[in-house]
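Data block for upload.cif (mmCIF, C-alpha atoms):
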```
data_data
#
loop_
_atom_site.group_PDB
_atom_site.id
_atom_site.type_symbol
_atom_site.label_atom_id
_atom_site.label_comp_id
_atom_site.auth_asym_id
_atom_site.auth_seq_id
_atom_site.Cartn_x
_atom_site.Cartn_y
_atom_site.Cartn_z
ATOM 1 C CA MET A 1 7.289 3.295 -7.403
ATOM 2 C CA SER A 2 8.834 4.285 -10.743
ATOM 3 C CA GLU A 3 8.507 7.994 -9.940
ATOM 4 C CA LEU A 4 10.377 7.512 -6.665
ATOM 5 C CA THR A 5 13.126 5.600 -8.427
ATOM 6 C CA LEU A 6 13.676 8.475 -10.879
ATOM 7 C CA HIS A 7 14.587 10.780 -8.005
ATOM 8 C CA THR A 8 16.990 8.661 -5.978
ATOM 9 C CA PRO A 9 20.529 10.056 -5.526
ATOM 10 C CA ASP A 10 22.002 7.218 -7.589
ATOM 11 C CA SER A 11 19.642 7.779 -10.505
ATOM 12 C CA LEU A 12 20.183 11.529 -10.432
ATOM 13 C CA ARG A 13 23.947 11.047 -10.387
ATOM 14 C CA SER A 14 23.684 8.579 -13.265
ATOM 15 C CA ARG A 15 21.651 11.022 -15.337
ATOM 16 C CA SER A 16 24.079 13.836 -14.564
ATOM 17 C CA GLU A 17 27.029 11.695 -15.640
ATOM 18 C CA ALA A 18 25.229 10.759 -18.863
ATOM 19 C CA VAL A 19 24.565 14.426 -19.627
ATOM 20 C CA ALA A 20 28.173 15.378 -18.865
ATOM 21 C CA ALA A 21 29.458 12.620 -21.150
ATOM 22 C CA SER A 22 27.181 13.719 -24.006
ATOM 23 C CA LEU A 23 27.916 17.451 -23.805
ATOM 24 C CA PRO A 24 31.410 17.564 -25.374
ATOM 25 C CA PRO A 25 30.450 15.650 -28.572
ATOM 26 C CA LEU A 26 27.277 17.693 -28.977
ATOM 27 C CA MET A 27 29.091 21.004 -28.460
ATOM 28 C CA ALA A 28 31.890 20.000 -30.830
ATOM 29 C CA ASP A 29 29.435 19.006 -33.563
ATOM 30 C CA ALA A 30 27.424 22.201 -33.082
ATOM 31 C CA GLN A 31 30.488 24.462 -33.098
ATOM 32 C CA GLN A 32 31.791 22.852 -36.283
ATOM 33 C CA LEU A 33 28.395 23.031 -37.979
ATOM 34 C CA ALA A 34 27.949 26.691 -37.010
ATOM 35 C CA ALA A 35 31.429 27.537 -38.303
ATOM 36 C CA THR A 36 30.658 26.195 -41.780
ATOM 37 C CA VAL A 37 27.594 28.431 -42.086
ATOM 38 C CA LEU A 38 29.198 31.517 -40.534
ATOM 39 C CA LEU A 39 32.124 31.204 -42.931
ATOM 40 C CA GLY A 40 29.819 31.926 -45.848
ATOM 41 C CA VAL A 41 27.676 34.678 -44.318
ATOM 42 C CA HIS A 42 30.107 36.550 -42.053
ATOM 43 C CA GLY A 43 30.026 40.301 -42.341
ATOM 44 C CA ARG A 44 26.569 40.715 -43.856
ATOM 45 C CA LYS A 45 24.657 43.710 -42.500
ATOM 46 C CA ARG A 46 21.358 43.287 -40.723
ATOM 47 C CA ALA A 47 18.779 45.695 -39.414
ATOM 48 C CA GLY A 48 18.892 46.430 -35.708
ATOM 49 C CA THR A 49 18.665 49.266 -33.164
ATOM 50 C CA GLY A 50 22.191 50.619 -33.170
ATOM 51 C CA ASP A 51 23.410 54.117 -34.028
ATOM 52 C CA GLU A 52 24.768 53.684 -37.552
ATOM 53 C CA PHE A 53 22.161 54.415 -40.249
ATOM 54 C CA TRP A 54 21.546 51.629 -42.743
ATOM 55 C CA GLN A 55 18.350 52.231 -44.732
ATOM 56 C CA TYR A 56 14.721 53.351 -44.672
ATOM 57 C CA ARG A 57 11.892 50.858 -44.959
ATOM 58 C CA PRO A 58 8.110 51.278 -45.313
ATOM 59 C CA ALA A 59 6.170 51.096 -42.052
ATOM 60 C CA GLU A 60 4.288 47.854 -41.422
ATOM 61 C CA MET A 61 1.369 46.891 -39.222
ATOM 62 C CA GLY A 62 2.610 46.568 -35.654
ATOM 63 C CA ASP A 63 5.350 49.199 -35.938
ATOM 64 C CA SER A 64 5.349 51.844 -33.219
ATOM 65 C CA TYR A 65 4.501 55.439 -34.147
ATOM 66 C CA ARG A 66 7.596 56.518 -32.214
ATOM 67 C CA SER A 67 9.814 54.596 -34.637
ATOM 68 C CA ILE A 68 8.514 56.436 -37.729
ATOM 69 C CA ASP A 69 10.889 58.943 -39.309
ATOM 70 C CA TRP A 70 8.447 61.817 -39.889
ATOM 71 C CA ARG A 71 10.922 63.943 -41.836
ATOM 72 C CA ARG A 72 11.474 61.184 -44.404
ATOM 73 C CA SER A 73 7.769 60.287 -44.434
ATOM 74 C CA ALA A 74 6.819 63.902 -45.192
ATOM 75 C CA ARG A 75 8.557 63.603 -48.577
ATOM 76 C CA SER A 76 6.265 60.781 -49.724
ATOM 77 C CA ASP A 77 2.730 59.449 -49.434
ATOM 78 C CA GLY A 78 3.664 56.697 -46.981
ATOM 79 C CA HIS A 79 5.322 56.297 -43.597
ATOM 80 C CA PHE A 80 8.945 55.159 -43.313
ATOM 81 C CA LEU A 81 11.117 53.815 -40.509
ATOM 82 C CA ARG A 82 14.779 54.623 -40.129
ATOM 83 C CA GLN A 83 16.679 51.336 -39.823
ATOM 84 C CA THR A 84 20.129 51.118 -38.315
ATOM 85 C CA GLU A 85 22.788 48.449 -38.640
ATOM 86 C CA TRP A 86 22.397 45.482 -36.287
ATOM 87 C CA GLN A 87 23.802 46.197 -32.857
ATOM 88 C CA ALA A 88 21.168 45.440 -30.237
ATOM 89 C CA ALA A 89 20.473 41.936 -28.981
ATOM 90 C CA GLN A 90 17.365 40.146 -30.187
ATOM 91 C CA SER A 91 15.783 36.983 -28.797
ATOM 92 C CA VAL A 92 15.856 33.584 -30.469
ATOM 93 C CA MET A 93 13.793 30.883 -28.773
ATOM 94 C CA ILE A 94 14.415 27.212 -29.586
ATOM 95 C CA GLY A 95 12.224 24.194 -28.922
ATOM 96 C CA VAL A 96 13.497 20.621 -29.363
ATOM 97 C CA ASP A 97 11.003 17.770 -29.158
ATOM 98 C CA ASP A 98 12.544 14.977 -27.047
ATOM 99 C CA ALA A 99 9.588 12.581 -27.149
ATOM 100 C CA ALA A 100 10.173 8.862 -27.581
ATOM 101 C CA SER A 101 9.380 8.997 -31.303
ATOM 102 C CA MET A 102 12.334 11.352 -31.808
ATOM 103 C CA THR A 103 14.811 8.719 -30.581
ATOM 104 C CA TYR A 104 14.205 6.629 -33.694
ATOM 105 C CA SER A 105 16.891 5.884 -36.281
ATOM 106 C CA GLY A 106 16.452 3.419 -39.107
ATOM 107 C CA SER A 107 20.174 2.677 -39.236
ATOM 108 C CA ASN A 108 23.188 2.688 -36.943
ATOM 109 C CA ALA A 109 25.010 4.600 -39.673
ATOM 110 C CA ARG A 110 23.007 7.778 -39.079
ATOM 111 C CA PRO A 111 21.947 9.779 -36.028
ATOM 112 C CA SER A 112 18.559 9.593 -34.407
ATOM 113 C CA LYS A 113 16.075 12.327 -35.167
ATOM 114 C CA LEU A 114 16.619 13.700 -31.671
ATOM 115 C CA ARG A 115 20.400 13.893 -31.986
ATOM 116 C CA ARG A 116 20.170 15.681 -35.334
ATOM 117 C CA ALA A 117 17.605 18.112 -33.929
ATOM 118 C CA GLN A 118 19.825 18.798 -30.911
ATOM 119 C CA THR A 119 22.853 19.423 -33.132
ATOM 120 C CA LEU A 120 20.953 21.831 -35.379
ATOM 121 C CA ALA A 121 19.478 23.593 -32.355
ATOM 122 C CA MET A 122 22.859 24.013 -30.667
ATOM 123 C CA ALA A 123 24.500 25.229 -33.867
ATOM 124 C CA LEU A 124 21.727 27.801 -34.251
ATOM 125 C CA ALA A 125 22.262 28.885 -30.640
ATOM 126 C CA VAL A 126 25.995 29.261 -31.281
ATOM 127 C CA ILE A 127 25.338 31.484 -34.300
ATOM 128 C CA ALA A 128 22.855 33.588 -32.330
ATOM 129 C CA VAL A 129 25.245 34.119 -29.410
ATOM 130 C CA ARG A 130 28.126 34.951 -31.722
ATOM 131 C CA GLY A 131 25.885 37.546 -33.335
ATOM 132 C CA GLY A 132 25.268 39.201 -29.970
ATOM 133 C CA GLU A 133 21.754 37.844 -29.590
ATOM 134 C CA ARG A 134 19.969 36.292 -26.641
ATOM 135 C CA VAL A 135 18.892 32.693 -26.927
ATOM 136 C CA GLY A 136 16.767 30.382 -24.810
ATOM 137 C CA LEU A 137 14.780 27.157 -24.759
ATOM 138 C CA THR A 138 11.013 27.484 -25.042
ATOM 139 C CA HIS A 139 10.196 24.767 -22.499
ATOM 140 C CA LEU A 140 12.176 26.399 -19.674
ATOM 141 C CA ALA A 141 10.674 29.137 -17.511
ATOM 142 C CA GLU A 142 13.806 31.249 -17.931
ATOM 143 C CA PRO A 143 14.376 34.351 -20.056
ATOM 144 C CA PRO A 144 16.739 34.152 -23.037
ATOM 145 C CA ARG A 145 20.339 35.169 -22.356
ATOM 146 C CA GLY A 146 23.559 35.667 -24.261
ATOM 147 C CA GLY A 147 27.102 34.482 -23.688
ATOM 148 C CA GLN A 148 29.007 31.218 -23.700
ATOM 149 C CA ALA A 149 27.646 30.191 -20.304
ATOM 150 C CA GLN A 150 24.149 30.240 -21.774
ATOM 151 C CA LEU A 151 25.233 27.835 -24.514
ATOM 152 C CA LEU A 152 26.340 25.339 -21.885
ATOM 153 C CA ARG A 153 23.070 25.756 -19.988
ATOM 154 C CA ILE A 154 21.094 25.128 -23.169
ATOM 155 C CA ALA A 155 23.123 22.072 -24.133
ATOM 156 C CA SER A 156 22.799 20.600 -20.659
ATOM 157 C CA ALA A 157 19.040 21.220 -20.557
ATOM 158 C CA MET A 158 18.536 19.604 -23.965
ATOM 159 C CA MET A 159 20.487 16.493 -23.023
ATOM 160 C CA ASP A 160 18.854 16.046 -19.610
ATOM 161 C CA GLY A 161 15.794 14.078 -20.698
ATOM 162 C CA GLY A 162 13.385 12.621 -18.165
ATOM 163 C CA ASP A 163 10.243 10.628 -18.859
ATOM 164 C CA ARG A 164 9.412 10.780 -22.564
ATOM 165 C CA PRO A 165 5.858 10.782 -23.926
ATOM 166 C CA GLU A 166 5.191 8.773 -27.084
ATOM 167 C CA TYR A 167 4.858 11.902 -29.247
ATOM 168 C CA GLY A 168 5.753 15.463 -28.383
ATOM 169 C CA ALA A 169 4.163 18.847 -28.937
ATOM 170 C CA PRO A 170 5.525 22.370 -28.447
ATOM 171 C CA LYS A 171 4.656 23.704 -24.987
ATOM 172 C CA PRO A 172 6.462 27.040 -24.789
ATOM 173 C CA GLN A 173 6.696 28.689 -21.398
ATOM 174 C CA VAL A 174 8.684 31.722 -22.556
ATOM 175 C CA MET A 175 7.975 33.503 -25.851
ATOM 176 C CA PRO A 176 9.093 37.165 -25.663
ATOM 177 C CA ALA A 177 7.026 39.488 -27.832
ATOM 178 C CA GLY A 178 8.677 40.091 -31.181
ATOM 179 C CA ALA A 179 11.147 37.229 -30.763
ATOM 180 C CA ARG A 180 12.035 34.642 -33.372
ATOM 181 C CA ALA A 181 11.478 30.963 -32.662
ATOM 182 C CA VAL A 182 12.256 27.530 -34.097
ATOM 183 C CA PHE A 183 10.603 24.227 -33.229
ATOM 184 C CA PHE A 184 12.389 20.979 -34.132
ATOM 185 C CA SER A 185 10.203 17.866 -34.128
ATOM 186 C CA ASP A 186 8.950 15.002 -36.263
ATOM 187 C CA PHE A 187 5.476 16.534 -35.747
ATOM 188 C CA LEU A 188 3.842 13.111 -35.771
ATOM 189 C CA GLY A 189 1.672 13.850 -32.743
ATOM 190 C CA ASP A 190 -1.571 15.796 -32.478
ATOM 191 C CA PRO A 191 -1.430 18.670 -35.023
ATOM 192 C CA ALA A 192 -4.049 20.686 -33.105
ATOM 193 C CA SER A 193 -1.521 21.532 -30.373
ATOM 194 C CA ILE A 194 0.917 22.861 -32.974
ATOM 195 C CA GLU A 195 -1.758 25.070 -34.495
ATOM 196 C CA THR A 196 -2.600 26.470 -31.059
ATOM 197 C CA VAL A 197 1.034 27.314 -30.308
ATOM 198 C CA LEU A 198 1.524 29.030 -33.677
ATOM 199 C CA GLY A 199 -1.619 31.082 -33.183
ATOM 200 C CA ARG A 200 -0.497 32.301 -29.769
ATOM 201 C CA ALA A 201 2.967 33.054 -31.129
ATOM 202 C CA ALA A 202 1.517 35.111 -33.972
ATOM 203 C CA ASP A 203 -0.565 37.096 -31.476
ATOM 204 C CA ARG A 204 2.694 38.102 -29.739
ATOM 205 C CA GLY A 205 4.425 39.020 -32.972
ATOM 206 C CA VAL A 206 6.682 35.963 -32.797
ATOM 207 C CA LYS A 207 7.751 34.622 -36.194
ATOM 208 C CA GLY A 208 9.916 31.627 -36.914
ATOM 209 C CA ALA A 209 10.167 28.176 -38.432
ATOM 210 C CA LEU A 210 8.983 24.611 -38.028
ATOM 211 C CA VAL A 211 11.661 22.041 -38.870
ATOM 212 C CA GLN A 212 10.281 18.541 -39.343
ATOM 213 C CA VAL A 213 13.074 16.019 -38.764
ATOM 214 C CA LEU A 214 12.425 12.600 -40.305
ATOM 215 C CA ASP A 215 14.373 9.403 -40.848
ATOM 216 C CA PRO A 216 14.464 8.236 -44.506
ATOM 217 C CA VAL A 217 12.769 4.994 -43.499
ATOM 218 C CA GLU A 218 9.769 7.057 -42.380
ATOM 219 C CA GLU A 219 9.652 8.629 -45.833
ATOM 220 C CA ALA A 220 10.096 5.450 -47.890
ATOM 221 C CA PHE A 221 8.179 2.849 -45.819
ATOM 222 C CA PRO A 222 10.306 -0.005 -47.233
ATOM 223 C CA PHE A 223 8.416 -2.803 -45.492
ATOM 224 C CA ASP A 224 7.055 -5.970 -47.079
ATOM 225 C CA GLY A 225 5.415 -9.169 -45.889
ATOM 226 C CA ARG A 226 4.990 -9.979 -42.223
ATOM 227 C CA THR A 227 6.069 -6.982 -40.118
ATOM 228 C CA LEU A 228 5.679 -6.025 -36.473
ATOM 229 C CA PHE A 229 5.455 -2.271 -35.959
ATOM 230 C CA GLU A 230 6.237 -1.070 -32.454
ATOM 231 C CA SER A 231 6.464 2.445 -31.052
ATOM 232 C CA MET A 232 9.727 3.558 -29.446
ATOM 233 C CA SER A 233 8.239 3.261 -25.957
ATOM 234 C CA GLY A 234 6.713 -0.131 -26.724
ATOM 235 C CA ALA A 235 3.246 1.078 -25.806
ATOM 236 C CA ILE A 236 1.875 0.736 -29.364
ATOM 237 C CA ARG A 237 2.201 -2.513 -31.338
ATOM 238 C CA PHE A 238 0.716 -3.527 -34.674
ATOM 239 C CA GLU A 239 1.435 -6.671 -36.680
ATOM 240 C CA THR A 240 0.512 -7.266 -40.315
ATOM 241 C CA LEU A 241 1.150 -10.015 -42.846
ATOM 242 C CA LYS A 242 1.041 -7.603 -45.780
ATOM 243 C CA ALA A 243 3.032 -4.515 -44.836
ATOM 244 C CA LYS A 244 3.475 -3.484 -48.462
ATOM 245 C CA SER A 245 -0.280 -3.035 -48.846
ATOM 246 C CA LEU A 246 -0.156 -0.237 -46.236
ATOM 247 C CA ARG A 247 2.501 1.791 -48.050
ATOM 248 C CA GLN A 248 0.302 4.001 -50.240
ATOM 249 C CA GLU A 249 -2.073 4.884 -47.411
ATOM 250 C CA TYR A 250 0.851 5.646 -45.101
ATOM 251 C CA LEU A 251 2.579 7.877 -47.668
ATOM 252 C CA ALA A 252 -0.689 9.706 -48.354
ATOM 253 C CA ARG A 253 -1.197 10.415 -44.656
ATOM 254 C CA LEU A 254 2.403 11.606 -44.266
ATOM 255 C CA ALA A 255 2.010 13.944 -47.234
ATOM 256 C CA ALA A 256 -1.230 15.268 -45.785
ATOM 257 C CA ARG A 257 0.511 15.947 -42.461
ATOM 258 C CA LYS A 258 3.245 17.924 -44.235
ATOM 259 C CA ASP A 259 0.659 19.927 -46.168
ATOM 260 C CA ALA A 260 -1.195 20.725 -42.942
ATOM 261 C CA LEU A 261 2.008 21.906 -41.229
ATOM 262 C CA ARG A 262 2.957 23.999 -44.244
ATOM 263 C CA GLU A 263 -0.483 25.630 -44.259
ATOM 264 C CA MET A 264 -0.367 26.321 -40.497
ATOM 265 C CA ALA A 265 2.986 28.020 -40.958
ATOM 266 C CA ARG A 266 1.763 30.056 -43.926
ATOM 267 C CA ARG A 267 -1.307 31.350 -42.089
ATOM 268 C CA THR A 268 0.758 32.565 -39.127
ATOM 269 C CA GLY A 269 3.695 34.011 -41.055
ATOM 270 C CA TRP A 270 6.040 31.157 -40.177
ATOM 271 C CA ARG A 271 8.131 28.922 -42.466
ATOM 272 C CA PHE A 272 8.165 25.135 -42.799
ATOM 273 C CA HIS A 273 11.099 22.884 -43.690
ATOM 274 C CA VAL A 274 11.607 19.108 -43.855
ATOM 275 C CA HIS A 275 15.027 17.709 -42.967
ATOM 276 C CA HIS A 276 16.145 14.090 -43.310
ATOM 277 C CA THR A 277 18.748 12.536 -41.042
ATOM 278 C CA ASP A 278 20.601 10.907 -43.952
ATOM 279 C CA THR A 279 21.399 14.309 -45.500
ATOM 280 C CA PRO A 280 24.032 16.849 -44.362
ATOM 281 C CA ALA A 281 22.970 19.258 -41.625
ATOM 282 C CA GLU A 282 24.605 22.324 -43.221
ATOM 283 C CA PRO A 283 21.845 23.134 -45.762
ATOM 284 C CA ALA A 284 19.178 22.983 -43.046
ATOM 285 C CA LEU A 285 21.149 25.327 -40.785
ATOM 286 C CA LEU A 286 21.811 27.743 -43.637
ATOM 287 C CA TRP A 287 18.091 27.735 -44.465
ATOM 288 C CA LEU A 288 17.328 28.540 -40.828
ATOM 289 C CA TYR A 289 19.879 31.335 -40.732
ATOM 290 C CA GLN A 290 18.441 32.949 -43.846
ATOM 291 C CA THR A 291 14.870 32.451 -42.636
ATOM 292 C CA LEU A 292 15.429 34.046 -39.229
ATOM 293 C CA GLU A 293 17.721 36.823 -40.381
ATOM 294 C CA ARG A 294 16.044 40.222 -40.196
ATOM 295 C CA ARG A 295 17.070 42.304 -43.175
#
```
Written as structure tokens, that's how I'd like the structure from this file.
Amino acid sequence: MSELTLHTPDSLRSRSEAVAASLPPLMADAQQLAATVLLGVHGRKRAGTGDEFWQYRPAEMGDSYRSIDWRRSARSDGHFLRQTEWQAAQSVMIGVDDAASMTYSGSNARPSKLRRAQTLAMALAVIAVRGGERVGLTHLAEPPRGGQAQLLRIASAMMDGGDRPEYGAPKPQVMPAGARAVFFSDFLGDPASIETVLGRAADRGVKGALVQVLDPVEEAFPFDGRTLFESMSGAIRFETLKAKSLRQEYLARLAARKDALREMARRTGWRFHVHHTDTPAEPALLWLYQTLERR
């Protein structure tokens, strides 16, 4: 009965109105956030496939023989590629975990993990489009595109949440070979699924970043005495009379999860970053920009 209710005209209209109401604030926040980062990095050259020569670089595993500059390589013992200044569009794929756990916020004074992830994701998409790149969402069966219309499609798709599982995991449907990708999540679910996705991405030459978004309460575990812990969906409940006694074990398990994510990223050529919702978003976006930028 609940599945039928989700698809009634009234419920669909209600969801559409909710998405429409949320789009302007999200776009405004993303545009402003992107502008602060672009202000500091505007005009820097990047390698691409245009016509204007920029530099030579040593050939790496995976480079095509056709891209080797044989005249330059003949003057040395190695092979070199002729790089040109950035002109051609590249693909940036973005995944935002919208599971129930991501809707958590330990205070009304700060955004939920999901809202911060959406803002960072949209700001990154804005930067990519402004740089002439194609951008897309990994969970949609659609190719990445450029242009302002694509930004609106991405924002709308991110805000249009349906049924939410307790914890999320990346399930990319589109990962173009050689693209760059970013996954935003709290990564509190099954780590095996993350490892599988990173392995498949590496096989396709896709490099990128994992951004773990956490609320400061999840880092500090400031609980004491009798406490009822309940998951965001209400499906998981646990009550204890001595919450403080669980703190050290909880912190150890959280640290172990971070170490595992960092190691997964290292093995596949990705990067790992932890972002807290009580800190400014600008440093995280700047880190992403510098991580994804191809020099």
Next on the checklist: Ranking A:Val126, A:Met232, A:Ala99, A:Ala202 by minimum distance to Pro170 (chain A) and counting all atoms listed in the file, which one comes first?
Outcome noted: A:Ala99
Item to check | Exercise: Glu263 (chain A) partners within 12 Å, all atoms listed in the file, chain neighbours under 3 positions left out, as an NGL selection string | outcome: :A and (191 or 194-195 or 198 or 210 or 256-260 or 266-273)
Next on the checklist: When you count all atoms listed in the file, which of these residues is closest to Leu292 (chain A): A:Val182, A:Gly234, A:Ala100, A:Arg71?
Outcome noted: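 Ranking A:Val182, A:Gly234, A:Ala100, A:Arg71 by distance to Leu292 (chain A), first place goes to A:Val182.
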Item to check | Close residues, region 158-167 of chain A itself excluded, 7 Å, all atoms listed in the file, min 6 positions apart in chain, as number ranges by chain | outcome: A: 19, 98-101, 188-189, 233
Item to check | Evaluate the PyMOL selection byres ((chain A and resi 222) around 12) and report residues as JSON, numbers by chain | outcome: {"A": [106, 216, 217, 218, 219, 220, 221, 223, 224, 225, 227, 243, 244, 245, 246, 247, 248, 250, 251]}
Next on the checklist: I'd like to know which of A:Thr240, A:Ser73, A:Ser91, A:Ser156 is closest to Gly208 (chain A), using all atoms listed in the file.
Outcome noted: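 Counting all atoms listed in the file, the residue closest to Gly208 (chain A) is A:Ser91.
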Item to check | For Trp287 (chain A), the nearest of the candidates A:Lys242, A:Ser185, A:Phe229, A:Val37, counting all atoms listed in the file | outcome: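 Residue with the minimum atom-to-atom distance to Trp287 (chain A): A:Val37.
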Kindly complete region 251-264 of chain A to N, CA, C and O atoms; the output should be written as a PDB file, in the frame of the given file.
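The resulting file, selection.pdb, is reproduced below:
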```
ATOM      1  N   LEU A 251       1.944   6.748 -46.985  1.00  0.00           N
ATOM      2  CA  LEU A 251       2.579   7.877 -47.668  1.00  0.00           C
ATOM      3  C   LEU A 251       1.590   9.020 -47.887  1.00  0.00           C
ATOM      4  O   LEU A 251       1.959  10.200 -47.804  1.00  0.00           O
ATOM      5  N   ALA A 252       0.322   8.668 -48.162  1.00  0.00           N
ATOM      6  CA  ALA A 252      -0.689   9.706 -48.354  1.00  0.00           C
ATOM      7  C   ALA A 252      -0.935  10.473 -47.061  1.00  0.00           C
ATOM      8  O   ALA A 252      -1.078  11.705 -47.067  1.00  0.00           O
ATOM      9  N   ARG A 253      -0.973   9.757 -45.944  1.00  0.00           N
ATOM     10  CA  ARG A 253      -1.197  10.415 -44.656  1.00  0.00           C
ATOM     11  C   ARG A 253       0.002  11.274 -44.260  1.00  0.00           C
ATOM     12  O   ARG A 253      -0.161  12.356 -43.691  1.00  0.00           O
ATOM     13  N   LEU A 254       1.217  10.805 -44.561  1.00  0.00           N
ATOM     14  CA  LEU A 254       2.403  11.606 -44.266  1.00  0.00           C
ATOM     15  C   LEU A 254       2.416  12.872 -45.103  1.00  0.00           C
ATOM     16  O   LEU A 254       2.740  13.956 -44.598  1.00  0.00           O
ATOM     17  N   ALA A 255       2.063  12.767 -46.373  1.00  0.00           N
ATOM     18  CA  ALA A 255       2.010  13.944 -47.234  1.00  0.00           C
ATOM     19  C   ALA A 255       0.949  14.928 -46.756  1.00  0.00           C
ATOM     20  O   ALA A 255       1.159  16.152 -46.779  1.00  0.00           O
ATOM     21  N   ALA A 256      -0.175  14.402 -46.301  1.00  0.00           N
ATOM     22  CA  ALA A 256      -1.230  15.268 -45.785  1.00  0.00           C
ATOM     23  C   ALA A 256      -0.776  15.986 -44.526  1.00  0.00           C
ATOM     24  O   ALA A 256      -1.103  17.162 -44.301  1.00  0.00           O
ATOM     25  N   ARG A 257      -0.005  15.307 -43.673  1.00  0.00           N
ATOM     26  CA  ARG A 257       0.511  15.947 -42.461  1.00  0.00           C
ATOM     27  C   ARG A 257       1.467  17.088 -42.831  1.00  0.00           C
ATOM     28  O   ARG A 257       1.406  18.169 -42.250  1.00  0.00           O
ATOM     29  N   LYS A 258       2.328  16.872 -43.795  1.00  0.00           N
ATOM     30  CA  LYS A 258       3.245  17.924 -44.235  1.00  0.00           C
ATOM     31  C   LYS A 258       2.477  19.119 -44.798  1.00  0.00           C
ATOM     32  O   LYS A 258       2.804  20.277 -44.508  1.00  0.00           O
ATOM     33  N   ASP A 259       1.466  18.842 -45.597  1.00  0.00           N
ATOM     34  CA  ASP A 259       0.659  19.927 -46.168  1.00  0.00           C
ATOM     35  C   ASP A 259      -0.026  20.728 -45.064  1.00  0.00           C
ATOM     36  O   ASP A 259      -0.114  21.965 -45.138  1.00  0.00           O
ATOM     37  N   ALA A 260      -0.518  20.033 -44.041  1.00  0.00           N
ATOM     38  CA  ALA A 260      -1.195  20.725 -42.942  1.00  0.00           C
ATOM     39  C   ALA A 260      -0.212  21.611 -42.180  1.00  0.00           C
ATOM     40  O   ALA A 260      -0.533  22.751 -41.820  1.00  0.00           O
ATOM     41  N   LEU A 261       0.996  21.112 -41.923  1.00  0.00           N
ATOM     42  CA  LEU A 261       2.008  21.906 -41.229  1.00  0.00           C
ATOM     43  C   LEU A 261       2.415  23.116 -42.064  1.00  0.00           C
ATOM     44  O   LEU A 261       2.584  24.222 -41.538  1.00  0.00           O
ATOM     45  N   ARG A 262       2.580  22.895 -43.345  1.00  0.00           N
ATOM     46  CA  ARG A 262       2.957  23.999 -44.244  1.00  0.00           C
ATOM     47  C   ARG A 262       1.873  25.084 -44.259  1.00  0.00           C
ATOM     48  O   ARG A 262       2.173  26.277 -44.260  1.00  0.00           O
ATOM     49  N   GLU A 263       0.615  24.666 -44.249  1.00  0.00           N
ATOM     50  CA  GLU A 263      -0.483  25.630 -44.259  1.00  0.00           C
ATOM     51  C   GLU A 263      -0.578  26.368 -42.924  1.00  0.00           C
ATOM     52  O   GLU A 263      -0.836  27.582 -42.894  1.00  0.00           O
ATOM     53  N   MET A 264      -0.380  25.656 -41.803  1.00  0.00           N
ATOM     54  CA  MET A 264      -0.367  26.321 -40.497  1.00  0.00           C
ATOM     55  C   MET A 264       0.709  27.403 -40.461  1.00  0.00           C
ATOM     56  O   MET A 264       0.473  28.522 -39.982  1.00  0.00           O
TER      57      MET A 264
END
```
